[in-house]
Amino acid sequence: MDNPEDRKYTKGHEWAKKEGELIVVGITDFAQHALTDIVFVELPEKGKELEKGKQMCVVESVKSVSDIFAPVNGEVAEVNSELENSPEKLNQAPFDSWLVKIKPKDPAEFDSLMSSQQYNEYVAGLEH
Amino acid sequence: MGEKTPLFEEHKKLGAQIVDFAGWEMPVYYSTPLKEHELVRSEAGIFDVSHMGEIFVEGKQALELVQLLVTRDVSRMEPGQMSLGIMCNEQGGILDDLTVYRFSDEKYMIVVNAGTRKKDLSWIKKHAAEFGCSVRDESDSLAKIDLQGPKTKDILAELTDFDLSKIGFYRFAEFSVTGVACIVSRSGYTGEDGFELYFEGERAPKLWNKLLEAGAQPCGLGARDTLRLECCMPLYGHELTENHSPLQAGYEWNINFEKENFIGMNVLLEQKNKGLAEKLVAFEMVERGIAREGYKILHEEKEIGVVTSGSFSPTLKKNIGMGYVKQEFAGIGQKIGIDVRGKAVGAVTVKKPFYKRNY
């Protein structure tokens with residue numbers, strides 16, 4: 001699955017997309033593939049302060065528990081609670097399944113994330 | 001780099017994800033753990049479990065030796081019968097859960113876990129001396145494939161002339177499968193009908209590929225773990241350790257106190273009479289959360305035990321687990337909490353197993 005060009009990426013395999021003033025965050029196809037069958041999602045409370053690079057939410061597969069990190073500093077504006085009942089959507093459509101919408105502290109932080117091309121190269125490097 | 005089974009190259013060809021397991025490079029999944037789990041419950045899967053150890057014990061007093069080593073009464077087994085056996089140390093702690101294959105009064109095969117193989121071998125050798133028995137470790141030369149699932153009998157029947165209806169559950173026979181000489185038992189570690197095949201390691205790629213051609217699909221250790229958990233089959237290093245006795249682990253049915261002697265007998269008798277400090281229970285989550293190994297088990301905020309295995313159950317679509325709790329909380333229907341990332345998440349103890357196939 002190609003990494004869409006309409007968004008930015010992190011080394012932790014999160015994607016981040018601008019939506020008005022908010023930043024929508026999910027996990028990439030690479031991430032869902034590495035995690036395998038996702039069976040549980042623990043989302044943060046609305047209004048929670050998020051620190052860039054620190055735990056934003058938890059995703060569990062059959063075998064493992066993984067932290068998903070906030071790509072930018074900010075505050076939880078919305079969570080996709082639909083995923084609590086259908087976590088498998090993160091496997092089926094990772095780029096259409098958002099986890100959290102963040103109200104960023106500093107909108108410029110978003111620009112410093114990786115482009116799709118940079119992320120493609122980063123992932124290619126991991127696979128060798 | 002860890003040790004490799006004779007099927008390592010086959011796993012790579014199939015695109016398996018490889019992990020370290022007890023010092024071995026083993027496939028954890030080929031497609032996904034969930035798909036492979038469902039496949040074993042509905043069709044047929046094959047597992048490479050060549051990392052496990054096969055130890056042959058032979059001699060005029062072999063029965064006496066095996067009787068001393070395991071808690072069950074092996075004298076009641078017939079030639080051609082195999083069974084789970086628990087091997088304890090003098091303190092009644094579990095050295096290993098193994099399977100005993102009785103070929104005759106004077107010949108047994110003992111199949112042990114990969115992680116305990118060296119320890120088991122020296123333990124068995126140490127005790128074999130006084131019975132004048134020979135102990136042969138064939139683990140490096142033998143491969144093992146488990147064929148598991150409701151359709152396995154048809155698949156195996158395609159590859160052998162042997163009449164499979166002659167092997168009942170927990171029985172074994174020696175015959176050729178696609179030209180490869182095998183020891184085959186009707187048993188497994190998934191709760192489904194199935195067979196465990198032992199044969200020369202050099203023949204492993206051939207047999208593996210014939211089984212694939214016949215319709216079995218490759219399954220990894222990930223699915224093996226959730227399959228055994230649904231059946232409440234304890235796993236060494238998790239539910240079973242030297243710090244726990246077979247009584248605590250729920251293996252009373254596998255202990256025979258009428259036997260003349262077995263190692264650990266006195267301690268286990270004392271435990272049985274005095275009562276146990278803790279017991280292994282099965283539980284399911286009633287609130288949102290998945291219990292994982294090492295999580296604390298709580299009762300009204302007090303710690304009463306620890307989770308030994310926990311996962312999402314692919315068959316039941318529930319979050320399930322096992323763990324040790326203090327005896328007074330070990331009854332069925334006991335409300336407990338699981339400490340999931342600092343939050344007490346509600347669970348309840350249930351009857352074992354979670355899943356049982358009637359076949």
# chains A, B, ... in the order shown; residues from 1 in each chain; ligands from 1

call {"tool": "interface_residues", "arguments": {"of": "chain A", "to": "chain B", "cutoff": "10 Å", "atoms": "only C-alpha atoms", "output": "PyMOL selection string"}}
result
chain A and resi 33-42+60-65+84

call {"tool": "residues_around", "arguments": {"residues": "segment 174-184 of chain B", "least_positions_apart": "2", "cutoff": "12 Å", "atoms": "only C-alpha atoms", "output": "PDB file with N, CA, C and O atoms, in the first residue's frame"}}
result
ATOM      1  N   GLU B  54      13.681 -34.748  22.034  1.00  0.00           N
ATOM      2  CA  GLU B  54      13.239 -36.144  22.145  1.00  0.00           C
ATOM      3  C   GLU B  54      14.344 -36.935  22.843  1.00  0.00           C
ATOM      4  O   GLU B  54      15.465 -37.027  22.345  1.00  0.00           O
ATOM      5  N   GLY B  80       2.344 -48.324  22.999  1.00  0.00           N
ATOM      6  CA  GLY B  80       1.576 -47.618  21.970  1.00  0.00           C
ATOM      7  C   GLY B  80       0.723 -46.493  22.520  1.00  0.00           C
ATOM      8  O   GLY B  80      -0.014 -45.842  21.789  1.00  0.00           O
ATOM      9  N   GLN B  81       0.832 -46.261  23.830  1.00  0.00           N
ATOM     10  CA  GLN B  81       0.087 -45.167  24.437  1.00  0.00           C
ATOM     11  C   GLN B  81       1.052 -44.043  24.791  1.00  0.00           C
ATOM     12  O   GLN B  81       2.212 -44.294  25.120  1.00  0.00           O
ATOM     13  N   MET B  82       0.583 -42.806  24.685  1.00  0.00           N
ATOM     14  CA  MET B  82       1.401 -41.661  25.094  1.00  0.00           C
ATOM     15  C   MET B  82       0.560 -40.786  26.005  1.00  0.00           C
ATOM     16  O   MET B  82      -0.663 -40.867  25.998  1.00  0.00           O
ATOM     17  N   TYR B 101       6.043 -41.430  25.718  1.00  0.00           N
ATOM     18  CA  TYR B 101       5.580 -42.428  24.740  1.00  0.00           C
ATOM     19  C   TYR B 101       6.081 -43.782  25.205  1.00  0.00           C
ATOM     20  O   TYR B 101       7.289 -43.984  25.340  1.00  0.00           O
ATOM     21  N   ARG B 102       5.145 -44.710  25.466  1.00  0.00           N
ATOM     22  CA  ARG B 102       5.561 -46.036  25.930  1.00  0.00           C
ATOM     23  C   ARG B 102       5.615 -47.013  24.759  1.00  0.00           C
ATOM     24  O   ARG B 102       4.585 -47.412  24.219  1.00  0.00           O
ATOM     25  N   PHE B 103       6.822 -47.358  24.334  1.00  0.00           N
ATOM     26  CA  PHE B 103       7.007 -48.334  23.254  1.00  0.00           C
ATOM     27  C   PHE B 103       6.869 -49.751  23.799  1.00  0.00           C
ATOM     28  O   PHE B 103       6.281 -50.616  23.177  1.00  0.00           O
ATOM     29  N   MET B 109       9.960 -42.897  24.927  1.00  0.00           N
ATOM     30  CA  MET B 109      10.429 -41.626  24.378  1.00  0.00           C
ATOM     31  C   MET B 109       9.821 -40.519  25.240  1.00  0.00           C
ATOM     32  O   MET B 109       8.612 -40.526  25.504  1.00  0.00           O
ATOM     33  N   LEU B 142      16.198 -35.603  15.169  1.00  0.00           N
ATOM     34  CA  LEU B 142      14.771 -35.732  14.860  1.00  0.00           C
ATOM     35  C   LEU B 142      14.112 -34.377  14.634  1.00  0.00           C
ATOM     36  O   LEU B 142      14.401 -33.404  15.330  1.00  0.00           O
ATOM     37  N   ALA B 143      13.222 -34.331  13.652  1.00  0.00           N
ATOM     38  CA  ALA B 143      12.368 -33.159  13.449  1.00  0.00           C
ATOM     39  C   ALA B 143      10.974 -33.513  13.940  1.00  0.00           C
ATOM     40  O   ALA B 143      10.635 -34.690  14.116  1.00  0.00           O
ATOM     41  N   LYS B 144      10.167 -32.475  14.167  1.00  0.00           N
ATOM     42  CA  LYS B 144       8.797 -32.709  14.633  1.00  0.00           C
ATOM     43  C   LYS B 144       7.858 -31.725  13.954  1.00  0.00           C
ATOM     44  O   LYS B 144       8.120 -30.522  13.945  1.00  0.00           O
ATOM     45  N   ILE B 145       6.798 -32.262  13.368  1.00  0.00           N
ATOM     46  CA  ILE B 145       5.749 -31.413  12.788  1.00  0.00           C
ATOM     47  C   ILE B 145       4.437 -31.796  13.452  1.00  0.00           C
ATOM     48  O   ILE B 145       4.107 -32.981  13.547  1.00  0.00           O
ATOM     49  N   ASP B 146       3.690 -30.802  13.915  1.00  0.00           N
ATOM     50  CA  ASP B 146       2.350 -31.038  14.438  1.00  0.00           C
ATOM     51  C   ASP B 146       1.347 -30.671  13.354  1.00  0.00           C
ATOM     52  O   ASP B 146       1.406 -29.560  12.812  1.00  0.00           O
ATOM     53  N   LEU B 147       0.466 -31.591  13.063  1.00  0.00           N
ATOM     54  CA  LEU B 147      -0.592 -31.382  12.079  1.00  0.00           C
ATOM     55  C   LEU B 147      -1.882 -31.308  12.884  1.00  0.00           C
ATOM     56  O   LEU B 147      -2.245 -32.278  13.549  1.00  0.00           O
ATOM     57  N   LYS B 153      -7.062 -35.447   9.559  1.00  0.00           N
ATOM     58  CA  LYS B 153      -7.098 -36.899   9.324  1.00  0.00           C
ATOM     59  C   LYS B 153      -7.170 -37.188   7.825  1.00  0.00           C
ATOM     60  O   LYS B 153      -6.488 -38.085   7.323  1.00  0.00           O
ATOM     61  N   ILE B 155      -6.111 -35.240   5.431  1.00  0.00           N
ATOM     62  CA  ILE B 155      -4.846 -34.837   4.805  1.00  0.00           C
ATOM     63  C   ILE B 155      -3.777 -35.908   5.007  1.00  0.00           C
ATOM     64  O   ILE B 155      -3.096 -36.316   4.070  1.00  0.00           O
ATOM     65  N   LEU B 156      -3.668 -36.389   6.248  1.00  0.00           N
ATOM     66  CA  LEU B 156      -2.653 -37.405   6.532  1.00  0.00           C
ATOM     67  C   LEU B 156      -2.971 -38.704   5.799  1.00  0.00           C
ATOM     68  O   LEU B 156      -2.063 -39.396   5.311  1.00  0.00           O
ATOM     69  N   ALA B 157      -4.258 -39.025   5.693  1.00  0.00           N
ATOM     70  CA  ALA B 157      -4.674 -40.270   5.021  1.00  0.00           C
ATOM     71  C   ALA B 157      -4.216 -40.278   3.564  1.00  0.00           C
ATOM     72  O   ALA B 157      -3.905 -41.338   3.014  1.00  0.00           O
ATOM     73  N   GLU B 158      -4.170 -39.095   2.942  1.00  0.00           N
ATOM     74  CA  GLU B 158      -3.714 -38.997   1.548  1.00  0.00           C
ATOM     75  C   GLU B 158      -2.246 -39.370   1.401  1.00  0.00           C
ATOM     76  O   GLU B 158      -1.801 -39.708   0.301  1.00  0.00           O
ATOM     77  N   LEU B 159      -1.496 -39.241   2.485  1.00  0.00           N
ATOM     78  CA  LEU B 159      -0.043 -39.394   2.391  1.00  0.00           C
ATOM     79  C   LEU B 159       0.478 -40.702   2.977  1.00  0.00           C
ATOM     80  O   LEU B 159       1.680 -40.907   3.084  1.00  0.00           O
ATOM     81  N   THR B 160      -0.434 -41.567   3.396  1.00  0.00           N
ATOM     82  CA  THR B 160       0.022 -42.834   3.979  1.00  0.00           C
ATOM     83  C   THR B 160      -0.948 -43.976   3.677  1.00  0.00           C
ATOM     84  O   THR B 160      -2.133 -43.736   3.452  1.00  0.00           O
ATOM     85  N   ASP B 161      -0.421 -45.197   3.671  1.00  0.00           N
ATOM     86  CA  ASP B 161      -1.267 -46.378   3.507  1.00  0.00           C
ATOM     87  C   ASP B 161      -1.771 -46.878   4.855  1.00  0.00           C
ATOM     88  O   ASP B 161      -2.628 -47.746   4.923  1.00  0.00           O
ATOM     89  N   PHE B 162      -1.218 -46.341   5.905  1.00  0.00           N
ATOM     90  CA  PHE B 162      -1.588 -46.792   7.247  1.00  0.00           C
ATOM     91  C   PHE B 162      -3.037 -46.398   7.544  1.00  0.00           C
ATOM     92  O   PHE B 162      -3.474 -45.299   7.219  1.00  0.00           O
ATOM     93  N   ASP B 163      -3.777 -47.307   8.164  1.00  0.00           N
ATOM     94  CA  ASP B 163      -5.172 -47.042   8.522  1.00  0.00           C
ATOM     95  C   ASP B 163      -5.215 -46.186   9.796  1.00  0.00           C
ATOM     96  O   ASP B 163      -5.004 -46.679  10.897  1.00  0.00           O
ATOM     97  N   LEU B 164      -5.506 -44.892   9.610  1.00  0.00           N
ATOM     98  CA  LEU B 164      -5.418 -43.942  10.734  1.00  0.00           C
ATOM     99  C   LEU B 164      -6.488 -44.184  11.800  1.00  0.00           C
ATOM    100  O   LEU B 164      -6.343 -43.735  12.935  1.00  0.00           O
ATOM    101  N   LYS B 166      -6.861 -46.676  13.261  1.00  0.00           N
ATOM    102  CA  LYS B 166      -6.242 -47.552  14.269  1.00  0.00           C
ATOM    103  C   LYS B 166      -5.541 -46.777  15.382  1.00  0.00           C
ATOM    104  O   LYS B 166      -5.160 -47.366  16.390  1.00  0.00           O
ATOM    105  N   ILE B 167      -5.308 -45.467  15.172  1.00  0.00           N
ATOM    106  CA  ILE B 167      -4.680 -44.701  16.263  1.00  0.00           C
ATOM    107  C   ILE B 167      -5.757 -43.904  16.980  1.00  0.00           C
ATOM    108  O   ILE B 167      -6.289 -42.932  16.456  1.00  0.00           O
ATOM    109  N   GLY B 168      -6.064 -44.313  18.197  1.00  0.00           N
ATOM    110  CA  GLY B 168      -7.003 -43.554  19.021  1.00  0.00           C
ATOM    111  C   GLY B 168      -6.306 -42.350  19.629  1.00  0.00           C
ATOM    112  O   GLY B 168      -5.101 -42.159  19.444  1.00  0.00           O
ATOM    113  N   PHE B 169      -7.060 -41.528  20.350  1.00  0.00           N
ATOM    114  CA  PHE B 169      -6.458 -40.360  20.973  1.00  0.00           C
ATOM    115  C   PHE B 169      -5.433 -40.778  22.032  1.00  0.00           C
ATOM    116  O   PHE B 169      -5.648 -41.724  22.773  1.00  0.00           O
ATOM    117  N   TYR B 170      -4.337 -40.080  22.035  1.00  0.00           N
ATOM    118  CA  TYR B 170      -3.215 -40.359  22.946  1.00  0.00           C
ATOM    119  C   TYR B 170      -2.624 -41.757  22.728  1.00  0.00           C
ATOM    120  O   TYR B 170      -2.159 -42.413  23.641  1.00  0.00           O
ATOM    121  N   ARG B 171      -2.691 -42.205  21.454  1.00  0.00           N
ATOM    122  CA  ARG B 171      -2.016 -43.441  21.045  1.00  0.00           C
ATOM    123  C   ARG B 171      -1.022 -43.068  19.956  1.00  0.00           C
ATOM    124  O   ARG B 171      -1.150 -41.994  19.348  1.00  0.00           O
ATOM    125  N   PHE B 172      -0.077 -43.946  19.705  1.00  0.00           N
ATOM    126  CA  PHE B 172       0.859 -43.674  18.620  1.00  0.00           C
ATOM    127  C   PHE B 172       1.218 -44.947  17.875  1.00  0.00           C
ATOM    128  O   PHE B 172       0.952 -46.057  18.349  1.00  0.00           O
ATOM    129  N   ARG B 186      -1.664 -39.419  17.956  1.00  0.00           N
ATOM    130  CA  ARG B 186      -2.912 -38.663  17.764  1.00  0.00           C
ATOM    131  C   ARG B 186      -3.055 -37.751  18.971  1.00  0.00           C
ATOM    132  O   ARG B 186      -3.618 -38.116  19.998  1.00  0.00           O
ATOM    133  N   SER B 187      -2.505 -36.568  18.851  1.00  0.00           N
ATOM    134  CA  SER B 187      -2.437 -35.672  20.002  1.00  0.00           C
ATOM    135  C   SER B 187      -2.017 -34.292  19.516  1.00  0.00           C
ATOM    136  O   SER B 187      -1.808 -34.085  18.329  1.00  0.00           O
ATOM    137  N   GLY B 188      -1.880 -33.373  20.436  1.00  0.00           N
ATOM    138  CA  GLY B 188      -1.440 -32.031  20.051  1.00  0.00           C
ATOM    139  C   GLY B 188      -1.618 -31.044  21.171  1.00  0.00           C
ATOM    140  O   GLY B 188      -1.872 -31.429  22.314  1.00  0.00           O
ATOM    141  N   GLY B 194      -5.767 -34.088  15.790  1.00  0.00           N
ATOM    142  CA  GLY B 194      -4.511 -33.851  15.084  1.00  0.00           C
ATOM    143  C   GLY B 194      -3.468 -34.892  15.392  1.00  0.00           C
ATOM    144  O   GLY B 194      -3.707 -35.851  16.134  1.00  0.00           O
ATOM    145  N   PHE B 195      -2.302 -34.690  14.798  1.00  0.00           N
ATOM    146  CA  PHE B 195      -1.222 -35.667  14.891  1.00  0.00           C
ATOM    147  C   PHE B 195       0.101 -34.959  15.150  1.00  0.00           C
ATOM    148  O   PHE B 195       0.321 -33.847  14.667  1.00  0.00           O
ATOM    149  N   GLU B 196       0.969 -35.641  15.895  1.00  0.00           N
ATOM    150  CA  GLU B 196       2.331 -35.158  16.082  1.00  0.00           C
ATOM    151  C   GLU B 196       3.241 -36.158  15.386  1.00  0.00           C
ATOM    152  O   GLU B 196       3.159 -37.358  15.652  1.00  0.00           O
ATOM    153  N   LEU B 197       4.090 -35.646  14.496  1.00  0.00           N
ATOM    154  CA  LEU B 197       4.946 -36.509  13.675  1.00  0.00           C
ATOM    155  C   LEU B 197       6.417 -36.302  14.032  1.00  0.00           C
ATOM    156  O   LEU B 197       6.903 -35.166  14.019  1.00  0.00           O
ATOM    157  N   TYR B 198       7.101 -37.404  14.317  1.00  0.00           N
ATOM    158  CA  TYR B 198       8.545 -37.373  14.612  1.00  0.00           C
ATOM    159  C   TYR B 198       9.271 -38.166  13.538  1.00  0.00           C
ATOM    160  O   TYR B 198       8.839 -39.281  13.212  1.00  0.00           O
ATOM    161  N   PHE B 199      10.356 -37.611  13.015  1.00  0.00           N
ATOM    162  CA  PHE B 199      11.053 -38.284  11.907  1.00  0.00           C
ATOM    163  C   PHE B 199      12.445 -37.676  11.753  1.00  0.00           C
ATOM    164  O   PHE B 199      12.745 -36.634  12.350  1.00  0.00           O
ATOM    165  N   GLU B 200      13.236 -38.292  10.913  1.00  0.00           N
ATOM    166  CA  GLU B 200      14.605 -37.823  10.675  1.00  0.00           C
ATOM    167  C   GLU B 200      14.622 -36.399  10.122  1.00  0.00           C
ATOM    168  O   GLU B 200      13.927 -36.113   9.142  1.00  0.00           O
ATOM    169  N   GLY B 201      15.436 -35.557  10.725  1.00  0.00           N
ATOM    170  CA  GLY B 201      15.460 -34.144  10.353  1.00  0.00           C
ATOM    171  C   GLY B 201      15.741 -33.886   8.880  1.00  0.00           C
ATOM    172  O   GLY B 201      15.181 -32.977   8.284  1.00  0.00           O
ATOM    173  N   GLU B 202      16.586 -34.735   8.279  1.00  0.00           N
ATOM    174  CA  GLU B 202      16.939 -34.538   6.859  1.00  0.00           C
ATOM    175  C   GLU B 202      15.724 -34.635   5.941  1.00  0.00           C
ATOM    176  O   GLU B 202      15.712 -34.086   4.855  1.00  0.00           O
ATOM    177  N   ARG B 203      14.706 -35.372   6.375  1.00  0.00           N
ATOM    178  CA  ARG B 203      13.523 -35.573   5.541  1.00  0.00           C
ATOM    179  C   ARG B 203      12.487 -34.481   5.753  1.00  0.00           C
ATOM    180  O   ARG B 203      11.423 -34.507   5.134  1.00  0.00           O
ATOM    181  N   ALA B 204      12.777 -33.551   6.656  1.00  0.00           N
ATOM    182  CA  ALA B 204      11.766 -32.563   7.059  1.00  0.00           C
ATOM    183  C   ALA B 204      11.236 -31.710   5.895  1.00  0.00           C
ATOM    184  O   ALA B 204      10.020 -31.573   5.743  1.00  0.00           O
ATOM    185  N   PRO B 205      12.109 -31.129   5.034  1.00  0.00           N
ATOM    186  CA  PRO B 205      11.559 -30.286   3.960  1.00  0.00           C
ATOM    187  C   PRO B 205      10.607 -31.062   3.046  1.00  0.00           C
ATOM    188  O   PRO B 205       9.565 -30.553   2.642  1.00  0.00           O
ATOM    189  N   LYS B 206      10.937 -32.320   2.748  1.00  0.00           N
ATOM    190  CA  LYS B 206      10.088 -33.124   1.883  1.00  0.00           C
ATOM    191  C   LYS B 206       8.706 -33.334   2.511  1.00  0.00           C
ATOM    192  O   LYS B 206       7.672 -33.087   1.893  1.00  0.00           O
ATOM    193  N   LEU B 207       8.705 -33.771   3.759  1.00  0.00           N
ATOM    194  CA  LEU B 207       7.429 -34.056   4.430  1.00  0.00           C
ATOM    195  C   LEU B 207       6.601 -32.779   4.597  1.00  0.00           C
ATOM    196  O   LEU B 207       5.387 -32.758   4.361  1.00  0.00           O
ATOM    197  N   TRP B 208       7.260 -31.698   4.983  1.00  0.00           N
ATOM    198  CA  TRP B 208       6.606 -30.394   5.169  1.00  0.00           C
ATOM    199  C   TRP B 208       5.890 -29.975   3.873  1.00  0.00           C
ATOM    200  O   TRP B 208       4.717 -29.610   3.885  1.00  0.00           O
ATOM    201  N   ASN B 209       6.605 -30.070   2.761  1.00  0.00           N
ATOM    202  CA  ASN B 209       6.038 -29.626   1.490  1.00  0.00           C
ATOM    203  C   ASN B 209       4.925 -30.553   1.000  1.00  0.00           C
ATOM    204  O   ASN B 209       3.961 -30.102   0.397  1.00  0.00           O
ATOM    205  N   LYS B 210       5.045 -31.845   1.283  1.00  0.00           N
ATOM    206  CA  LYS B 210       3.962 -32.778   0.929  1.00  0.00           C
ATOM    207  C   LYS B 210       2.698 -32.455   1.725  1.00  0.00           C
ATOM    208  O   LYS B 210       1.586 -32.539   1.215  1.00  0.00           O
ATOM    209  N   LEU B 211       2.879 -32.103   2.981  1.00  0.00           N
ATOM    210  CA  LEU B 211       1.725 -31.744   3.810  1.00  0.00           C
ATOM    211  C   LEU B 211       1.071 -30.461   3.296  1.00  0.00           C
ATOM    212  O   LEU B 211      -0.155 -30.335   3.269  1.00  0.00           O
ATOM    213  N   GLU B 213       1.170 -29.408   0.152  1.00  0.00           N
ATOM    214  CA  GLU B 213       0.504 -29.774  -1.109  1.00  0.00           C
ATOM    215  C   GLU B 213      -0.831 -30.462  -0.850  1.00  0.00           C
ATOM    216  O   GLU B 213      -1.773 -30.313  -1.615  1.00  0.00           O
ATOM    217  N   ALA B 214      -0.887 -31.226   0.237  1.00  0.00           N
ATOM    218  CA  ALA B 214      -2.111 -31.972   0.564  1.00  0.00           C
ATOM    219  C   ALA B 214      -3.176 -31.072   1.197  1.00  0.00           C
ATOM    220  O   ALA B 214      -4.284 -31.531   1.478  1.00  0.00           O
TER     221      ALA B 214
END

call {"tool": "closest_residue", "arguments": {"among": "B:Glu192, B:Phe8, B:Ile124, B:Val135", "to": "Ala44 of chain B", "atoms": "only C-alpha atoms"}}
result
B:Glu192

call {"tool": "select_by_dssp", "arguments": {"residues": "chain A", "states": "strand (DSSP E)", "output": "PyMOL selection string"}}
result
chain A and resi 8-9+14-19+22-27+38-42+49-50+55-61+65-69+74-79+100-104

call {"tool": "closest_residue", "arguments": {"among": "A:Ala108, A:Leu83, A:Val59, A:Val76", "to": "Asp96 of chain A", "atoms": "only C-alpha atoms"}}
result
A:Leu83

call {"tool": "residues_around", "arguments": {"residues": "Asp6 of chain A", "least_positions_apart": "5", "cutoff": "10 Å", "atoms": "only C-alpha atoms", "output": "JSON, numbers by chain"}}
result
{"A": [16, 17, 18, 115, 116]}

call {"tool": "atom_distance", "arguments": {"atom1": "atom CA of Pro27 of chain B", "atom2": "atom CA of Gly220 of chain B"}}
result
5.2 Å

call {"tool": "select_by_dssp", "arguments": {"residues": "segment 15-186 of chain B", "states": "helix (DSSP H, G or I)", "output": "ChimeraX atom specification"}}
result
/B:33-42,62-69,74-76,114-131,152-158,164-166

call {"tool": "atom_distance", "arguments": {"atom1": "atom CA of Leu65 of chain B", "atom2": "atom CA of His127 of chain B"}}
result
7.2 Å

call {"tool": "closest_residue", "arguments": {"among": "A:Lys103, A:Gly74, A:Ser66, A:Tyr119", "to": "His13 of chain A", "atoms": "only C-alpha atoms"}}
result
A:Tyr119

call {"tool": "atom_distance", "arguments": {"atom1": "atom CA of Arg41 of chain B", "atom2": "atom CA of Asn113 of chain B"}}
result
23.7 Å

call {"tool": "decode", "arguments": {"residues": "segment 155-172 of chain B", "atoms": "N, CA and C atoms", "output": "PDB file, in the first residue's frame"}}
result
ATOM      1  N   ILE B 155      -6.111 -35.240   5.431  1.00  0.00           N
ATOM      2  CA  ILE B 155      -4.846 -34.837   4.805  1.00  0.00           C
ATOM      3  C   ILE B 155      -3.777 -35.908   5.007  1.00  0.00           C
ATOM      4  N   LEU B 156      -3.668 -36.389   6.248  1.00  0.00           N
ATOM      5  CA  LEU B 156      -2.653 -37.405   6.532  1.00  0.00           C
ATOM      6  C   LEU B 156      -2.971 -38.704   5.799  1.00  0.00           C
ATOM      7  N   ALA B 157      -4.258 -39.025   5.693  1.00  0.00           N
ATOM      8  CA  ALA B 157      -4.674 -40.270   5.021  1.00  0.00           C
ATOM      9  C   ALA B 157      -4.216 -40.278   3.564  1.00  0.00           C
ATOM     10  N   GLU B 158      -4.170 -39.095   2.942  1.00  0.00           N
ATOM     11  CA  GLU B 158      -3.714 -38.997   1.548  1.00  0.00           C
ATOM     12  C   GLU B 158      -2.246 -39.370   1.401  1.00  0.00           C
ATOM     13  N   LEU B 159      -1.496 -39.241   2.485  1.00  0.00           N
ATOM     14  CA  LEU B 159      -0.043 -39.394   2.391  1.00  0.00           C
ATOM     15  C   LEU B 159       0.478 -40.702   2.977  1.00  0.00           C
ATOM     16  N   THR B 160      -0.434 -41.567   3.396  1.00  0.00           N
ATOM     17  CA  THR B 160       0.022 -42.834   3.979  1.00  0.00           C
ATOM     18  C   THR B 160      -0.948 -43.976   3.677  1.00  0.00           C
ATOM     19  N   ASP B 161      -0.421 -45.197   3.671  1.00  0.00           N
ATOM     20  CA  ASP B 161      -1.267 -46.378   3.507  1.00  0.00           C
ATOM     21  C   ASP B 161      -1.771 -46.878   4.855  1.00  0.00           C
ATOM     22  N   PHE B 162      -1.218 -46.341   5.905  1.00  0.00           N
ATOM     23  CA  PHE B 162      -1.588 -46.792   7.247  1.00  0.00           C
ATOM     24  C   PHE B 162      -3.037 -46.398   7.544  1.00  0.00           C
ATOM     25  N   ASP B 163      -3.777 -47.307   8.164  1.00  0.00           N
ATOM     26  CA  ASP B 163      -5.172 -47.042   8.522  1.00  0.00           C
ATOM     27  C   ASP B 163      -5.215 -46.186   9.796  1.00  0.00           C
ATOM     28  N   LEU B 164      -5.506 -44.892   9.610  1.00  0.00           N
ATOM     29  CA  LEU B 164      -5.418 -43.942  10.734  1.00  0.00           C
ATOM     30  C   LEU B 164      -6.488 -44.184  11.800  1.00  0.00           C
ATOM     31  N   SER B 165      -7.550 -44.902  11.431  1.00  0.00           N
ATOM     32  CA  SER B 165      -8.586 -45.171  12.437  1.00  0.00           C
ATOM     33  C   SER B 165      -8.039 -46.105  13.525  1.00  0.00           C
ATOM     34  N   LYS B 166      -6.861 -46.676  13.261  1.00  0.00           N
ATOM     35  CA  LYS B 166      -6.242 -47.552  14.269  1.00  0.00           C
ATOM     36  C   LYS B 166      -5.541 -46.777  15.382  1.00  0.00           C
ATOM     37  N   ILE B 167      -5.308 -45.467  15.172  1.00  0.00           N
ATOM     38  CA  ILE B 167      -4.680 -44.701  16.263  1.00  0.00           C
ATOM     39  C   ILE B 167      -5.757 -43.904  16.980  1.00  0.00           C
ATOM     40  N   GLY B 168      -6.064 -44.313  18.197  1.00  0.00           N
ATOM     41  CA  GLY B 168      -7.003 -43.554  19.021  1.00  0.00           C
ATOM     42  C   GLY B 168      -6.306 -42.350  19.629  1.00  0.00           C
ATOM     43  N   PHE B 169      -7.060 -41.528  20.350  1.00  0.00           N
ATOM     44  CA  PHE B 169      -6.458 -40.360  20.973  1.00  0.00           C
ATOM     45  C   PHE B 169      -5.433 -40.778  22.032  1.00  0.00           C
ATOM     46  N   TYR B 170      -4.337 -40.080  22.035  1.00  0.00           N
ATOM     47  CA  TYR B 170      -3.215 -40.359  22.946  1.00  0.00           C
ATOM     48  C   TYR B 170      -2.624 -41.757  22.728  1.00  0.00           C
ATOM     49  N   ARG B 171      -2.691 -42.205  21.454  1.00  0.00           N
ATOM     50  CA  ARG B 171      -2.016 -43.441  21.045  1.00  0.00           C
ATOM     51  C   ARG B 171      -1.022 -43.068  19.956  1.00  0.00           C
ATOM     52  N   PHE B 172      -0.077 -43.946  19.705  1.00  0.00           N
ATOM     53  CA  PHE B 172       0.859 -43.674  18.620  1.00  0.00           C
ATOM     54  C   PHE B 172       1.218 -44.947  17.875  1.00  0.00           C
TER      55      PHE B 172
END
